[in-house]
Amino acid sequence: MFVERLPHIPGVPPAPVVGVPDGALDHSPTPAYSGPHPRTIERPPEYFPFPIRIGEIGPVETLFSGPSTYPFYCGVNNVTTRQPLVDNQNGEGVPVFAVDEEGNRTEEIIGYSRDCSHPTHVSYFYRSINDGDFYPLEQAEGDIDQVTVNGRSVDFVVRLETGTINRFFYAIAALRGAGETAGKPSASNWNRRLIYQFRGGVGVGRRQGDITKGDIVGRRADQLARGYAIVYSTGNQTSNHYNIWLAEDVARRLKKQFVSLYGEPLYTVGLGGSGGAIQQYLFAQNAPGLLDAAIPLYSYPDMVSQTIYVFDCEPLEYFFDVVDADNPRWRDATERSVVQGLPGSREMNGRFHLLETAAALFDGRYRNGREGTTECTQGWRGLVPLVNNPNFVHFIKSFADKVAENTHWSHWEDLRAFYGADETGYANSAWDNEGVQYGLEALRRGQLSVDTFLELNATIGGWKAPENLGGEKLWFLNGDLFPMELSVWSEHNMNLGTLDSPAPRSRASMAAIEGIYRSGHVFLGDVEVPIIDLRHYLDRDLDMHHSVASFSTRERIRRARGHADNQLIWVSHKEYTPLDEALDTMDRWMQNIIDSPQLGVAANRPVDANDQCFDSQGNVIAVGEGVWDGPWNGRRAGACMREYPIHSTPRQMAGGPLTDDIFKCQLQPVESALEKGTYGNATGQIAERLRDMQRIFPSGVCDYGAPDLALPEENLIPGRAPVSIAGHSILSDYRRPVPRFAGDDEDVPETVRPTSVAVPAADAD
């Protein structure tokens with residue numbers, strides 16, 4: 001029973017990828033992206049003849065986001081339970097098996113599927129009055145529920161269409177209309193509002209993902225009952241990939257399919273959490289008009305800038321757990337927040353507690369007696385190997401050994417067209433910690449001694465170059481026998497040092513950072529659409545979806561546009577979800593824009609639409625301007641901030657800005673930092689240890705008063721061109737120039753679930 005409760009790698013599926021096309025695994029050097037930002041690029045005209053008819057397959061090659069990559073693991077369409085179509089006899093992709101007369105799969109291979117295509121299929125499901133679940137329409141026995149839409153009472157029967165577009169599964173769901181057939185749907189019971197559903201997770205590409213009835217019909221039952229139509233694609237689930245160009249390509253085509261069947265919607269609103277929220281923010285920035293409004297849930301500004309501080313977690317945890325294990329302070333997990341910023345808890349055991357308990361039988365490093373855990377461990381452990389290590393992916397057994405061994409697995413590799421790859425053949429990394437002074441804010445506040453500050457920064461070097469990374473030493477169980485050698489921190493892939501011999505820090509590729517800025521994978525804040533940023537308050541649960549991310553996003557919007565009046569922040573107790581309120585508020589906002597487009601987005605915001613927070617019963621705790629004021633903007637804490645306080649991140653605790661978007665800081669000599677008073681009351685002690693500081697930071701320390709060193713100098717989104725919202729041309733609402741940091745213009749005192757195996761919470765909506 002104990003072993004069964006430990007995390008496992010999924011086993012070998014019935015049909016793993018056995019081969020790839022010639023040249024698919026060529027790891028030649030390639031330059032980073034140096035073209036224009038996608039906001040300024042006109043997309044090519046569509047060439048595929050939509051709609052895709054029942055029994056036909058959708059486009060395989062993308063419209064504009066580049067050639068297909070291989071290997072590509074086929075997922076499962078649990079709606080139809082069919083295998084992918086055979087597209088070659090060359091052993092490329094997954095095997096496709098013959099079926100017997102009863103439809104059961106045999107062991108006879110009839111061909112292979114490289115691109116995982118499925119024909120378009122339509123099913124009808126009804127909601128039963130008996131248990132509220134959905135069943136195939138042919139099983140109905142007088143138990144079909146009723147709903148009221150467009151002023152009429154109708155059967156709660158949903159038309160669900162599935163197929164593939166750009167190799168990913170898609171789904172379209174809407175109430176069955178009057179007199180429709182499967183091949184010719186009717187829009188009579190559609191309220192003319194379209195929800196584009198997005199989903200989250202941390203993915204490194206190379207897989208199609210799975211689709212089920214519950215992904216769209218069950219998940220969005222309440223909205224379907226109100227007459228909304230829903231579209232979704234596994235290409236817009238970030239546990240499958242994080243290529244925002246590909247995600248947009250898929251979304252454009254799926255909307256084409258929908259419009260060709262049902263007609264133009266009154267408006268399209270995005271809805272989805274975590275990575276699904278990221279897509280909404282980036283679509284609004286990169287491709288105005290694709291979404292008319294956004295309701296991001298559990299949002300982050302983008303995925304790439306998350307790596308800046310998340311990659312700090314394991315080196316910091318290794319320092320607390322191993323290097324400074326004799327320090328009784330760190331055994332209380334909450335004490336670690338003074339350096340990490342992210343919250344901790346004494347009461348909660350981490351996700352890897354059982355694994356560490358078992359490992360302690362063989363390895364004394366796991367016997368530290370720590371009380372509780374931190375968000376770094378509970379929320380983020382396992383992310384760095386998934387994003388950073390080309391030798392590791394948790395679903396590696398979905399590929400034949402030879403294919404798996406010759407594939408570079410990592411987020412950097414999946415987006416090598418943007419990051420570029422050097423002469424080693426490995427993709428460049430955008431992660432950098434040169435000059436980062438971990439725990440600086442704690443030192444300034446007197447919460448960290450100079451000795452510990454120096455030892456901490458001398459120990460933490462960074463992550464090794466990709467060509468020097470080894471396989472993961474099993475931070476979860478892999479096989480039947482417990483491994484004698486184990487590391488939950490992946491410290492064998494870190495550069496570590498001592499005070500006598502400080503470790504060298506990691507230096508990112510400047511071209512890679514510039515490429516990822518230019519390609520639109522970084523949220524710059526330039527968005528015009530109405531936004532309701534909605535989340536449960538999960539900080540106390542040490543969930544990775546921490547609330548400070550909403551404020552990082554707001555600050556990026558404010559810097560880019562001079563205001564953030566088009567973004568509302570709603571936070572609720574986790575037992576209540578104010579999604580209906582958000583949809584209703586957004587509908588009134590959109591109706592105002594449609595009626596008076598000349599007023600723009602912010603001026604059309606309903607007068608009662610404001611920042612707010614909710615309790616567990618759905619009661620509004622506070623609403624209005626200022627409810628989220630706090631140290632982040634240099635003001636006294638508002639009512640919502642007092643109820644749901646935000647935390648920080650390791651880079652913010654190292655002196656970085658709230659926006660958490662400095663990939664490569666500009667460096668200054670330690671002497672210059674001393675002259676500026678960077679170390680507060682510890683200035684004298686740091687001056688006495690100047691030689692130690694110079695050895696630890698030979699190239700200098702971060703000057704966070706300066707912009708990212710790798711940020712392109714030109715304005716990536718130039719001009720003030722109108723954007724299209726709900727078919728109307730909306731003038732861009734840019735206001736006066738703003739200071740670099742929130743609160744700088746105020747006269748105030750200085751403020752003291754990819755999968756369940758990797759990062760489970762990342763995939764939760």
# chains A, B, ... in the order shown; residues from 1 in each chain; ligands from 1
call {"tool": "select_by_dssp", "arguments": {"residues": "range 86-184 of chain A", "states": "strand (DSSP E)", "output": "MDAnalysis selection string"}}
result
chainID A and resid 94:99 105:113 121:127 134:136 146:149 152:155 157:165 168:175
call {"tool": "write_last_selection", "arguments": {"atoms": "C-alpha atoms", "output": "tab-separated table (two decimals), in the first residue's frame"}}
result
chain	number	residue	atom	x	y	z
A	94	VAL	CA	1.83	4.75	-33.74
A	95	PRO	CA	0.60	1.36	-34.94
A	96	VAL	CA	-3.05	1.02	-35.94
A	97	PHE	CA	-4.63	-2.37	-35.33
A	98	ALA	CA	-7.29	-4.38	-37.12
A	99	VAL	CA	-10.56	-4.93	-35.28
A	105	ARG	CA	-8.89	-4.51	-31.33
A	106	THR	CA	-6.71	-7.40	-32.46
A	107	GLU	CA	-2.91	-7.67	-32.51
A	108	GLU	CA	-2.74	-7.35	-36.31
A	109	ILE	CA	-1.11	-4.07	-37.38
A	110	ILE	CA	-2.75	-2.66	-40.52
A	111	GLY	CA	-0.63	0.49	-40.79
A	112	TYR	CA	0.65	3.46	-38.86
A	113	SER	CA	-0.59	6.92	-37.95
A	121	HIS	CA	-18.01	12.76	-35.86
A	122	VAL	CA	-21.24	14.01	-34.28
A	123	SER	CA	-22.90	12.58	-31.17
A	124	TYR	CA	-25.94	13.73	-29.21
A	125	PHE	CA	-26.08	13.65	-25.42
A	126	TYR	CA	-28.91	14.49	-23.07
A	127	ARG	CA	-28.87	15.44	-19.42
A	134	PHE	CA	-25.12	13.18	-19.64
A	135	TYR	CA	-25.90	10.06	-21.64
A	136	PRO	CA	-26.15	9.14	-25.34
A	146	GLN	CA	-35.45	20.81	-19.76
A	147	VAL	CA	-33.78	24.22	-20.03
A	148	THR	CA	-35.04	27.66	-21.01
A	149	VAL	CA	-33.18	29.52	-23.75
A	152	ARG	CA	-38.42	28.86	-24.81
A	153	SER	CA	-38.31	25.62	-22.85
A	154	VAL	CA	-36.37	22.99	-24.79
A	155	ASP	CA	-34.88	19.56	-24.23
A	157	VAL	CA	-29.83	17.79	-25.65
A	158	VAL	CA	-26.33	18.73	-26.78
A	159	ARG	CA	-24.80	18.26	-30.21
A	160	LEU	CA	-21.14	17.34	-29.71
A	161	GLU	CA	-18.85	17.37	-32.73
A	162	THR	CA	-15.30	16.04	-32.54
A	163	GLY	CA	-12.49	15.65	-35.05
A	164	THR	CA	-8.95	16.89	-35.62
A	165	ILE	CA	-7.54	20.23	-36.76
A	168	PHE	CA	-5.19	18.11	-32.33
A	169	PHE	CA	-8.64	16.99	-31.25
A	170	TYR	CA	-11.33	19.63	-31.41
A	171	ALA	CA	-14.84	19.75	-29.98
A	172	ILE	CA	-17.89	21.92	-30.65
A	173	ALA	CA	-20.87	21.73	-28.32
A	174	ALA	CA	-24.22	23.51	-28.49
A	175	LEU	CA	-27.83	22.81	-27.68
call {"tool": "residues_around", "arguments": {"residues": "Leu568 in chain A", "least_positions_apart": "6", "cutoff": "6 Å", "atoms": "only C-alpha atoms", "output": "PyMOL selection string"}}
result
chain A and resi 532-533+611
call {"tool": "closest_atom_pairs", "arguments": {"of": "range 333-452 of chain A", "to": "range 515-528 of chain A", "cutoff": "12 Å", "atoms": "only C-alpha atoms", "output": "tab-separated table"}}
result
residue	atom	partner	partner_atom	distance
A:Trp412	CA	A:Ile516	CA	10.3
A:Leu415	CA	A:Ile516	CA	9.0
A:Arg416	CA	A:Gly515	CA	9.8
A:Ala417	CA	A:Gly515	CA	8.9
A:Phe418	CA	A:Gly515	CA	5.3
A:Tyr419	CA	A:Gly515	CA	5.7
A:Gly420	CA	A:Gly515	CA	7.9
A:Ala421	CA	A:Gly515	CA	11.5
A:Asn428	CA	A:Gly515	CA	10.3
A:Ser429	CA	A:Ile516	CA	10.2
A:Ala430	CA	A:Ile516	CA	8.3
A:Trp431	CA	A:Ile516	CA	11.7
call {"tool": "write_last_selection", "arguments": {"atoms": "all heavy atoms", "output": "tab-separated table (two decimals), in the first residue's frame"}}
result
chain	number	residue	atom	x	y	z
A	412	TRP	N	12.30	24.36	-23.87
A	412	TRP	CA	13.18	25.11	-24.78
A	412	TRP	C	13.22	24.43	-26.15
A	412	TRP	O	13.21	25.10	-27.18
A	412	TRP	CB	14.60	25.20	-24.20
A	412	TRP	CG	14.71	25.49	-22.74
A	412	TRP	CD1	15.28	24.69	-21.80
A	412	TRP	CD2	14.25	26.65	-22.04
A	412	TRP	NE1	15.21	25.26	-20.56
A	412	TRP	CE2	14.59	26.48	-20.66
A	412	TRP	CE3	13.59	27.81	-22.41
A	412	TRP	CZ2	14.29	27.42	-19.69
A	412	TRP	CZ3	13.28	28.76	-21.45
A	412	TRP	CH2	13.63	28.56	-20.11
A	415	LEU	N	10.15	24.88	-28.39
A	415	LEU	CA	10.07	26.20	-29.00
A	415	LEU	C	11.43	26.64	-29.56
A	415	LEU	O	11.77	27.81	-29.56
A	415	LEU	CB	9.57	27.24	-27.99
A	415	LEU	CG	8.05	27.44	-27.93
A	415	LEU	CD1	7.35	26.17	-27.45
A	415	LEU	CD2	7.68	28.60	-27.03
A	416	ARG	N	12.21	25.67	-30.06
A	416	ARG	CA	13.54	26.00	-30.56
A	416	ARG	C	13.50	26.95	-31.74
A	416	ARG	O	14.47	27.67	-32.00
A	416	ARG	CB	14.33	24.73	-30.89
A	416	ARG	CG	13.81	23.90	-32.03
A	416	ARG	CD	14.55	22.57	-32.15
A	416	ARG	NE	15.85	22.73	-32.79
A	416	ARG	CZ	16.98	22.25	-32.31
A	416	ARG	NH1	17.00	21.59	-31.17
A	416	ARG	NH2	18.11	22.41	-32.97
A	417	ALA	N	12.39	27.01	-32.46
A	417	ALA	CA	12.26	27.97	-33.56
A	417	ALA	C	12.30	29.40	-33.05
A	417	ALA	O	12.62	30.32	-33.81
A	417	ALA	CB	10.96	27.72	-34.32
A	418	PHE	N	11.99	29.61	-31.78
A	418	PHE	CA	12.01	30.94	-31.18
A	418	PHE	C	13.24	31.16	-30.31
A	418	PHE	O	13.85	32.22	-30.34
A	418	PHE	CB	10.73	31.17	-30.36
A	418	PHE	CG	9.48	30.93	-31.14
A	418	PHE	CD1	8.62	29.89	-30.81
A	418	PHE	CD2	9.15	31.73	-32.23
A	418	PHE	CE1	7.47	29.66	-31.53
A	418	PHE	CE2	8.00	31.51	-32.96
A	418	PHE	CZ	7.16	30.46	-32.62
A	419	TYR	N	13.62	30.13	-29.52
A	419	TYR	CA	14.80	30.26	-28.66
A	419	TYR	C	16.10	30.08	-29.44
A	419	TYR	O	17.15	30.58	-29.03
A	419	TYR	CB	14.76	29.21	-27.55
A	419	TYR	CG	13.71	29.43	-26.51
A	419	TYR	CD1	12.62	28.57	-26.39
A	419	TYR	CD2	13.78	30.49	-25.61
A	419	TYR	CE1	11.65	28.75	-25.42
A	419	TYR	CE2	12.82	30.69	-24.64
A	419	TYR	CZ	11.75	29.81	-24.55
A	419	TYR	OH	10.79	30.00	-23.59
A	420	GLY	N	16.04	29.34	-30.54
A	420	GLY	CA	17.25	29.00	-31.28
A	420	GLY	C	17.99	27.85	-30.61
A	420	GLY	O	17.65	27.41	-29.51
A	421	ALA	N	18.98	27.34	-31.29
A	421	ALA	CA	19.82	26.24	-30.77
A	421	ALA	C	21.26	26.53	-31.13
A	421	ALA	O	21.55	27.04	-32.22
A	421	ALA	CB	19.36	24.90	-31.34
A	428	ASN	N	18.57	26.81	-26.93
A	428	ASN	CA	19.03	27.79	-25.96
A	428	ASN	C	18.01	27.94	-24.83
A	428	ASN	O	16.82	27.71	-25.01
A	428	ASN	CB	19.20	29.15	-26.63
A	428	ASN	CG	20.24	29.13	-27.73
A	428	ASN	OD1	21.28	28.49	-27.60
A	428	ASN	ND2	19.96	29.81	-28.83
A	429	SER	N	18.51	28.36	-23.69
A	429	SER	CA	17.66	28.60	-22.53
A	429	SER	C	17.56	30.10	-22.25
A	429	SER	O	18.52	30.84	-22.47
A	429	SER	CB	18.25	27.89	-21.30
A	429	SER	OG	17.65	28.37	-20.11
A	430	ALA	N	16.40	30.52	-21.75
A	430	ALA	CA	16.20	31.92	-21.38
A	430	ALA	C	16.39	32.14	-19.89
A	430	ALA	O	16.14	33.24	-19.40
A	430	ALA	CB	14.80	32.37	-21.80
A	431	TRP	N	16.83	31.09	-19.15
A	431	TRP	CA	16.93	31.26	-17.70
A	431	TRP	C	18.31	31.76	-17.30
A	431	TRP	O	19.34	31.26	-17.73
A	431	TRP	CB	16.65	29.94	-16.97
A	431	TRP	CG	16.47	30.19	-15.49
A	431	TRP	CD1	15.41	30.76	-14.89
A	431	TRP	CD2	17.42	29.93	-14.46
A	431	TRP	NE1	15.61	30.85	-13.53
A	431	TRP	CE2	16.84	30.35	-13.24
A	431	TRP	CE3	18.71	29.37	-14.44
A	431	TRP	CZ2	17.49	30.22	-12.02
A	431	TRP	CZ3	19.36	29.25	-13.22
A	431	TRP	CH2	18.75	29.68	-12.02
call {"tool": "closest_residue", "arguments": {"among": "A:Ile696, A:Ala251, A:Cys116, A:Val387", "to": "Ser239 in chain A", "atoms": "only C-alpha atoms"}}
result
A:Val387
call {"tool": "closest_residue", "arguments": {"among": "A:Asp580, A:Asp222, A:Glu671, A:Asp660", "to": "Gly684 in chain A", "atoms": "only C-alpha atoms"}}
result
A:Glu671
call {"tool": "residues_around", "arguments": {"residues": "Arg556 in chain A", "least_positions_apart": "4", "cutoff": "12 Å", "atoms": "only C-alpha atoms", "output": "ChimeraX atom specification"}}
result
/A:281,285,300-302,522-527,549-552,560-564,567,657-662,738-742
